[in-house]
Amino acid sequence: MKEELVILVDENDQQIGLMPKIEAHEKALLHRAFSVFVFNSKKELMIQQRALHKYHSPGLWTNTCCSHQREGESNIEAGRRRLMEEMGFTVDLEESISFIYKAPFDNGLTEHEFDHILLGNFEGEPNLNPDEVGAWKWMSLEAIKEDMNVHPEIYTEWFKIIFEKFYNHIAR
């Protein structure tokens with residue numbers, strides 16, 4: 001399998017290079033990423049539980065999907081590709097906001113990302129890729145926020161950051 005490269009960026013999201021994903025996480029270098037949030041008509045968010053064998057944040061609950069853009073790929077193209085790869089469906093996406101965050105993990109790796117938030121709508125059930133996703137469910141934003149306050153340890157760091165700082169930008 002070809003080694004996945006991430007796009008290294010500066011604080012203005014200008015590309016400054018490419019690097020293998022693991023190396024970028026080992027060196028905590030800023031790279032481009034995206035987080036997809038898919039809602040249903042009841043304004044519930046589809047969240048996923050990361051597969052138990054993922055190299056960081058295994059078994060934690062997070063937004064619908066997230067990953068890294070490939071060189072030459074737009075944020076929307078990347079989001080639609082990854083939705084299909086992880087969740088088995090695709091939808092129209094729109095860009096919301098972007099921000100920079102840094103989150104160290106217990107395994108010595110660090111996410112340092114220029115994260116683009118993408119929003120979409122979907123009715124139905126996903127067709128999960130078990131290599132990526134262990135489970136899924138629909139939850140209201142209010143219920144997620146309440147559960148995060150009681151059980152923060154079951155959610156990914158980036159999901160908690162997005163909820164804390166950008167709740168009003170993802171609420172549909």
# chains A, B, ... in the order shown; residues from 1 in each chain; ligands from 1
call {"tool": "residues_around", "arguments": {"residues": "Glu4 in chain A", "least_positions_apart": "5", "cutoff": "10 Å", "atoms": "only C-alpha atoms", "output": "mmCIF file with N, CA and C atoms, in the first residue's frame"}}
result
data_model
loop_
_atom_site.group_PDB
_atom_site.id
_atom_site.type_symbol
_atom_site.label_atom_id
_atom_site.label_comp_id
_atom_site.auth_asym_id
_atom_site.auth_seq_id
_atom_site.Cartn_x
_atom_site.Cartn_y
_atom_site.Cartn_z
ATOM 1 N N LEU A 18 5.211 18.313 1.385
ATOM 2 C CA LEU A 18 4.505 17.059 1.604
ATOM 3 C C LEU A 18 5.346 16.207 2.538
ATOM 4 N N MET A 19 4.679 15.356 3.325
ATOM 5 C CA MET A 19 5.397 14.497 4.261
ATOM 6 C C MET A 19 4.545 13.263 4.551
ATOM 7 N N PRO A 20 5.184 12.112 4.771
ATOM 8 C CA PRO A 20 4.400 10.952 5.208
ATOM 9 C C PRO A 20 3.598 11.279 6.471
ATOM 10 N N LYS A 21 2.367 10.794 6.512
ATOM 11 C CA LYS A 21 1.446 11.133 7.601
ATOM 12 C C LYS A 21 2.033 10.832 8.981
ATOM 13 N N ILE A 22 2.599 9.644 9.153
ATOM 14 C CA ILE A 22 3.136 9.263 10.472
ATOM 15 C C ILE A 22 4.260 10.214 10.882
ATOM 16 N N HIS A 68 -7.212 13.692 5.751
ATOM 17 C CA HIS A 68 -6.294 14.671 5.177
ATOM 18 C C HIS A 68 -6.518 14.760 3.672
ATOM 19 N N ARG A 70 -5.479 15.186 -0.189
ATOM 20 C CA ARG A 70 -4.344 14.769 -1.008
ATOM 21 C C ARG A 70 -3.904 15.962 -1.847
#
call {"tool": "residues_around", "arguments": {"residues": "Gly79 in chain A", "least_positions_apart": "6", "cutoff": "12 Å", "atoms": "only C-alpha atoms", "output": "tab-separated table (two decimals) with N, CA and C atoms, in the first residue's frame"}}
result
chain	number	residue	atom	x	y	z
A	33	ALA	N	-6.09	19.36	7.00
A	33	ALA	CA	-7.02	18.29	7.34
A	33	ALA	C	-8.45	18.80	7.16
A	34	PHE	N	-9.39	17.88	7.30
A	34	PHE	CA	-10.80	18.27	7.25
A	34	PHE	C	-11.60	17.40	8.20
A	35	SER	N	-12.72	17.95	8.66
A	35	SER	CA	-13.66	17.24	9.53
A	35	SER	C	-15.05	17.41	8.95
A	36	VAL	N	-15.70	16.28	8.66
A	36	VAL	CA	-17.03	16.29	8.05
A	36	VAL	C	-18.09	16.08	9.13
A	37	PHE	N	-19.14	16.88	9.05
A	37	PHE	CA	-20.29	16.79	9.96
A	37	PHE	C	-21.53	16.62	9.10
A	38	VAL	N	-22.17	15.44	9.20
A	38	VAL	CA	-23.37	15.14	8.41
A	38	VAL	C	-24.57	15.07	9.34
A	64	THR	N	-18.59	12.73	11.90
A	64	THR	CA	-18.94	11.76	10.87
A	64	THR	C	-17.72	11.14	10.20
A	65	CYS	N	-16.78	11.95	9.80
A	65	CYS	CA	-15.49	11.44	9.32
A	65	CYS	C	-14.49	12.57	9.25
A	66	CYS	N	-13.22	12.21	9.18
A	66	CYS	CA	-12.18	13.21	9.03
A	66	CYS	C	-10.94	12.56	8.44
A	67	SER	N	-10.11	13.36	7.86
A	67	SER	CA	-8.89	12.83	7.25
A	67	SER	C	-8.05	14.00	6.75
A	68	HIS	N	-7.21	13.69	5.75
A	68	HIS	CA	-6.29	14.67	5.18
A	68	HIS	C	-6.52	14.76	3.67
A	69	GLN	N	-6.47	15.97	3.15
A	69	GLN	CA	-6.56	16.18	1.72
A	69	GLN	C	-5.30	15.61	1.04
A	70	ARG	N	-5.48	15.19	-0.19
A	70	ARG	CA	-4.34	14.77	-1.01
A	70	ARG	C	-3.90	15.96	-1.85
A	73	GLU	N	-6.17	18.07	-4.34
A	73	GLU	CA	-7.57	17.75	-4.05
A	73	GLU	C	-8.19	18.90	-3.25
A	85	GLU	N	-15.13	6.30	1.63
A	85	GLU	CA	-14.17	5.31	2.12
A	85	GLU	C	-14.52	4.81	3.53
A	86	GLU	N	-14.95	5.72	4.41
A	86	GLU	CA	-15.22	5.33	5.79
A	86	GLU	C	-16.67	4.91	6.02
A	87	MET	N	-17.60	5.69	5.48
A	87	MET	CA	-19.01	5.53	5.83
A	87	MET	C	-19.86	4.92	4.72
A	89	PHE	N	-21.07	6.23	1.87
A	89	PHE	CA	-22.01	7.09	1.16
A	89	PHE	C	-21.34	8.43	0.90
A	90	THR	N	-21.96	9.20	0.03
A	90	THR	CA	-21.45	10.53	-0.23
A	90	THR	C	-22.63	11.50	-0.32
A	91	VAL	N	-22.37	12.75	-0.01
A	91	VAL	CA	-23.39	13.80	-0.06
A	91	VAL	C	-22.72	15.08	-0.54
A	92	ASP	N	-23.54	16.05	-0.90
A	92	ASP	CA	-23.00	17.38	-1.18
A	92	ASP	C	-22.51	17.97	0.13
A	93	LEU	N	-21.36	18.60	0.09
A	93	LEU	CA	-20.78	19.22	1.27
A	93	LEU	C	-20.58	20.70	1.04
A	94	GLU	N	-20.62	21.47	2.11
A	94	GLU	CA	-20.30	22.89	2.03
A	94	GLU	C	-19.25	23.21	3.09
A	95	GLU	N	-18.39	24.15	2.76
A	95	GLU	CA	-17.34	24.55	3.70
A	95	GLU	C	-17.93	25.49	4.74
A	115	ASP	N	-7.54	22.62	10.17
A	115	ASP	CA	-8.72	21.79	9.96
A	115	ASP	C	-9.84	22.59	9.31
A	116	HIS	N	-10.38	22.05	8.21
A	116	HIS	CA	-11.49	22.65	7.48
A	116	HIS	C	-12.76	21.89	7.85
A	117	ILE	N	-13.77	22.59	8.34
A	117	ILE	CA	-15.05	21.98	8.71
A	117	ILE	C	-15.96	21.96	7.49
A	118	LEU	N	-16.49	20.76	7.18
A	118	LEU	CA	-17.38	20.56	6.05
A	118	LEU	C	-18.71	20.03	6.56
A	119	LEU	N	-19.81	20.57	6.03
A	119	LEU	CA	-21.15	20.22	6.50
A	119	LEU	C	-21.97	19.61	5.37
A	120	GLY	N	-22.81	18.61	5.72
A	120	GLY	CA	-23.68	17.99	4.74
A	120	GLY	C	-24.92	17.42	5.39
call {"tool": "closest_residue", "arguments": {"among": "A:Pro58, A:Gly108, A:Gly17, A:Pro126", "to": "Leu83 in chain A", "atoms": "only C-alpha atoms"}}
result
A:Pro126
call {"tool": "residues_around", "arguments": {"residues": "Val9 in chain A", "least_positions_apart": "2", "cutoff": "7 Å", "atoms": "only C-alpha atoms", "output": "ChimeraX atom specification"}}
result
/A:7,11,13-16,30-32
call {"tool": "write_last_selection", "arguments": {"atoms": "C-alpha atoms", "output": "tab-separated table (two decimals), in the first residue's frame"}}
result
chain	number	residue	atom	x	y	z
A	7	ILE	CA	0.12	18.52	2.92
A	11	GLU	CA	-0.59	29.43	9.39
A	13	ASP	CA	-3.02	27.32	4.85
A	14	GLN	CA	-0.42	27.81	2.10
A	15	GLN	CA	1.24	24.56	1.07
A	16	ILE	CA	4.91	24.37	2.03
A	30	LEU	CA	1.16	21.71	10.85
A	31	HIS	CA	-0.72	19.99	8.03
A	32	ARG	CA	-4.03	20.35	6.20
call {"tool": "residues_around", "arguments": {"residues": "Pro104 in chain A", "least_positions_apart": "4", "cutoff": "10 Å", "atoms": "only C-alpha atoms", "output": "number ranges by chain"}}
result
A: 25-26, 28, 108-112, 157
call {"tool": "closest_residue", "arguments": {"among": "A:Ile154, A:Met46, A:Gly88, A:Phe114", "to": "Asn127 in chain A", "atoms": "only C-alpha atoms"}}
result
A:Gly88
call {"tool": "residues_around", "arguments": {"residues": "His56 in chain A", "least_positions_apart": "2", "cutoff": "9 Å", "atoms": "only C-alpha atoms", "output": "PyMOL selection string"}}
result
chain A and resi 53-54+58+105-107+109
call {"tool": "write_last_selection", "arguments": {"atoms": "C-alpha atoms", "output": "PDB file, in the first residue's frame"}}
result
ATOM      1  CA  HIS A  53      -7.084  -0.837  15.774  1.00  0.00           C
ATOM      2  CA  LYS A  54      -6.589   2.792  14.617  1.00  0.00           C
ATOM      3  CA  PRO A  58      -8.964   4.020  18.779  1.00  0.00           C
ATOM      4  CA  PHE A 105      -1.679  11.796  22.197  1.00  0.00           C
ATOM      5  CA  ASP A 106      -0.555   9.260  24.784  1.00  0.00           C
ATOM      6  CA  ASN A 107       1.353   7.293  22.122  1.00  0.00           C
ATOM      7  CA  LEU A 109       2.110  11.369  18.273  1.00  0.00           C
TER       8      LEU A 109
END
call {"tool": "residues_around", "arguments": {"residues": "Pro152 in chain A", "least_positions_apart": "4", "cutoff": "12 Å", "atoms": "only C-alpha atoms", "output": "list of chain:residue names"}}
result
A:Leu60, A:Trp61, A:Thr62, A:Ile144, A:Lys145, A:Glu146, A:Asp147, A:Met148, A:Thr156, A:Glu157, A:Trp158, A:Phe159, A:Lys160, A:Ile161, A:Phe163, A:Glu164
call {"tool": "select_by_dssp", "arguments": {"residues": "range 35-156 of chain A", "states": "helix (DSSP H, G or I)", "output": "VMD selection string"}}
result
chain A and resid 75 to 87 141 to 150 152 to 154
call {"tool": "write_last_selection", "arguments": {"atoms": "N, CA, C and O atoms", "output": "compact mmCIF listing (two decimals), in the first residue's frame"}}
result
# COMPACT_ATOMS: atom_id res chain seq x y z
N ASN A 75 -10.95 20.70 -0.65
CA ASN A 75 -11.52 20.27 0.63
C ASN A 75 -12.79 19.44 0.41
O ASN A 75 -12.98 18.40 1.04
N ILE A 76 -13.66 19.91 -0.48
CA ILE A 76 -14.92 19.23 -0.77
C ILE A 76 -14.66 17.86 -1.40
O ILE A 76 -15.26 16.85 -1.00
N GLU A 77 -13.75 17.80 -2.38
CA GLU A 77 -13.42 16.51 -3.01
C GLU A 77 -12.89 15.52 -1.97
O GLU A 77 -13.26 14.35 -1.96
N ALA A 78 -12.02 16.01 -1.09
CA ALA A 78 -11.45 15.15 -0.06
C ALA A 78 -12.52 14.66 0.90
O ALA A 78 -12.54 13.48 1.27
N GLY A 79 -13.42 15.54 1.31
CA GLY A 79 -14.49 15.16 2.22
C GLY A 79 -15.41 14.11 1.62
O GLY A 79 -15.78 13.14 2.28
N ARG A 80 -15.76 14.30 0.35
CA ARG A 80 -16.64 13.33 -0.32
C ARG A 80 -15.94 11.98 -0.50
O ARG A 80 -16.54 10.92 -0.29
N ARG A 81 -14.65 12.00 -0.84
CA ARG A 81 -13.88 10.76 -0.99
C ARG A 81 -13.84 9.99 0.33
O ARG A 81 -14.11 8.80 0.40
N ARG A 82 -13.53 10.72 1.41
CA ARG A 82 -13.36 10.05 2.69
C ARG A 82 -14.69 9.56 3.26
O ARG A 82 -14.74 8.52 3.92
N LEU A 83 -15.77 10.31 3.03
CA LEU A 83 -17.09 9.83 3.45
C LEU A 83 -17.38 8.47 2.82
O LEU A 83 -17.86 7.55 3.49
N MET A 84 -17.08 8.34 1.53
CA MET A 84 -17.32 7.07 0.84
C MET A 84 -16.40 5.98 1.40
O MET A 84 -16.84 4.85 1.64
N GLU A 85 -15.13 6.30 1.63
CA GLU A 85 -14.17 5.31 2.12
C GLU A 85 -14.52 4.81 3.53
O GLU A 85 -14.38 3.62 3.81
N GLU A 86 -14.95 5.72 4.41
CA GLU A 86 -15.22 5.33 5.79
C GLU A 86 -16.67 4.91 6.02
O GLU A 86 -16.93 3.93 6.71
N MET A 87 -17.60 5.69 5.48
CA MET A 87 -19.01 5.53 5.83
C MET A 87 -19.86 4.92 4.72
O MET A 87 -21.03 4.62 4.93
N LEU A 141 -27.03 17.62 18.83
CA LEU A 141 -25.85 18.35 19.32
C LEU A 141 -25.94 18.58 20.83
O LEU A 141 -24.93 18.50 21.53
N GLU A 142 -27.15 18.82 21.32
CA GLU A 142 -27.32 19.04 22.74
C GLU A 142 -26.96 17.79 23.54
O GLU A 142 -26.30 17.86 24.57
N ALA A 143 -27.39 16.62 23.05
CA ALA A 143 -27.08 15.36 23.73
C ALA A 143 -25.58 15.08 23.70
O ALA A 143 -25.01 14.60 24.69
N ILE A 144 -24.93 15.38 22.57
CA ILE A 144 -23.48 15.19 22.49
C ILE A 144 -22.77 16.10 23.48
O ILE A 144 -21.88 15.66 24.22
N LYS A 145 -23.18 17.35 23.51
CA LYS A 145 -22.56 18.32 24.42
C LYS A 145 -22.69 17.87 25.87
O LYS A 145 -21.73 17.92 26.64
N GLU A 146 -23.88 17.41 26.25
CA GLU A 146 -24.11 16.93 27.62
C GLU A 146 -23.24 15.71 27.92
O GLU A 146 -22.63 15.62 28.98
N ASP A 147 -23.19 14.76 26.97
CA ASP A 147 -22.40 13.55 27.18
C ASP A 147 -20.91 13.86 27.24
O ASP A 147 -20.17 13.24 28.02
N MET A 148 -20.46 14.82 26.44
CA MET A 148 -19.05 15.24 26.49
C MET A 148 -18.67 15.79 27.85
O MET A 148 -17.55 15.58 28.31
N ASN A 149 -19.60 16.49 28.49
CA ASN A 149 -19.33 17.02 29.82
C ASN A 149 -19.21 15.91 30.86
O ASN A 149 -18.42 16.01 31.79
N VAL A 150 -19.99 14.85 30.69
CA VAL A 150 -19.99 13.74 31.65
C VAL A 150 -18.89 12.72 31.34
O VAL A 150 -18.26 12.19 32.25
N PRO A 152 -15.93 12.95 28.89
CA PRO A 152 -15.02 13.52 27.89
C PRO A 152 -14.01 12.51 27.34
O PRO A 152 -13.54 12.65 26.21
N GLU A 153 -13.72 11.49 28.12
CA GLU A 153 -12.68 10.51 27.74
C GLU A 153 -13.11 9.63 26.57
O GLU A 153 -12.26 8.95 25.98
N ILE A 154 -14.39 9.61 26.20
CA ILE A 154 -14.82 8.74 25.10
C ILE A 154 -14.88 9.46 23.75
O ILE A 154 -15.30 8.87 22.75
call {"tool": "closest_residue", "arguments": {"among": "A:Gly124, A:Phe166, A:Ala171, A:Tyr155", "to": "Ile47 in chain A", "atoms": "only C-alpha atoms"}}
result
A:Tyr155
call {"tool": "closest_residue", "arguments": {"among": "A:Asp10, A:Glu71, A:His151, A:Glu125", "to": "Lys137 in chain A", "atoms": "only C-alpha atoms"}}
result
A:Glu125
call {"tool": "select_by_dssp", "arguments": {"residues": "chain A", "states": "strand (DSSP E)", "output": "number ranges by chain"}}
result
A: 5-9, 15-20, 31-39, 44-50, 61-62, 65-67, 93-104, 110-121, 133-140
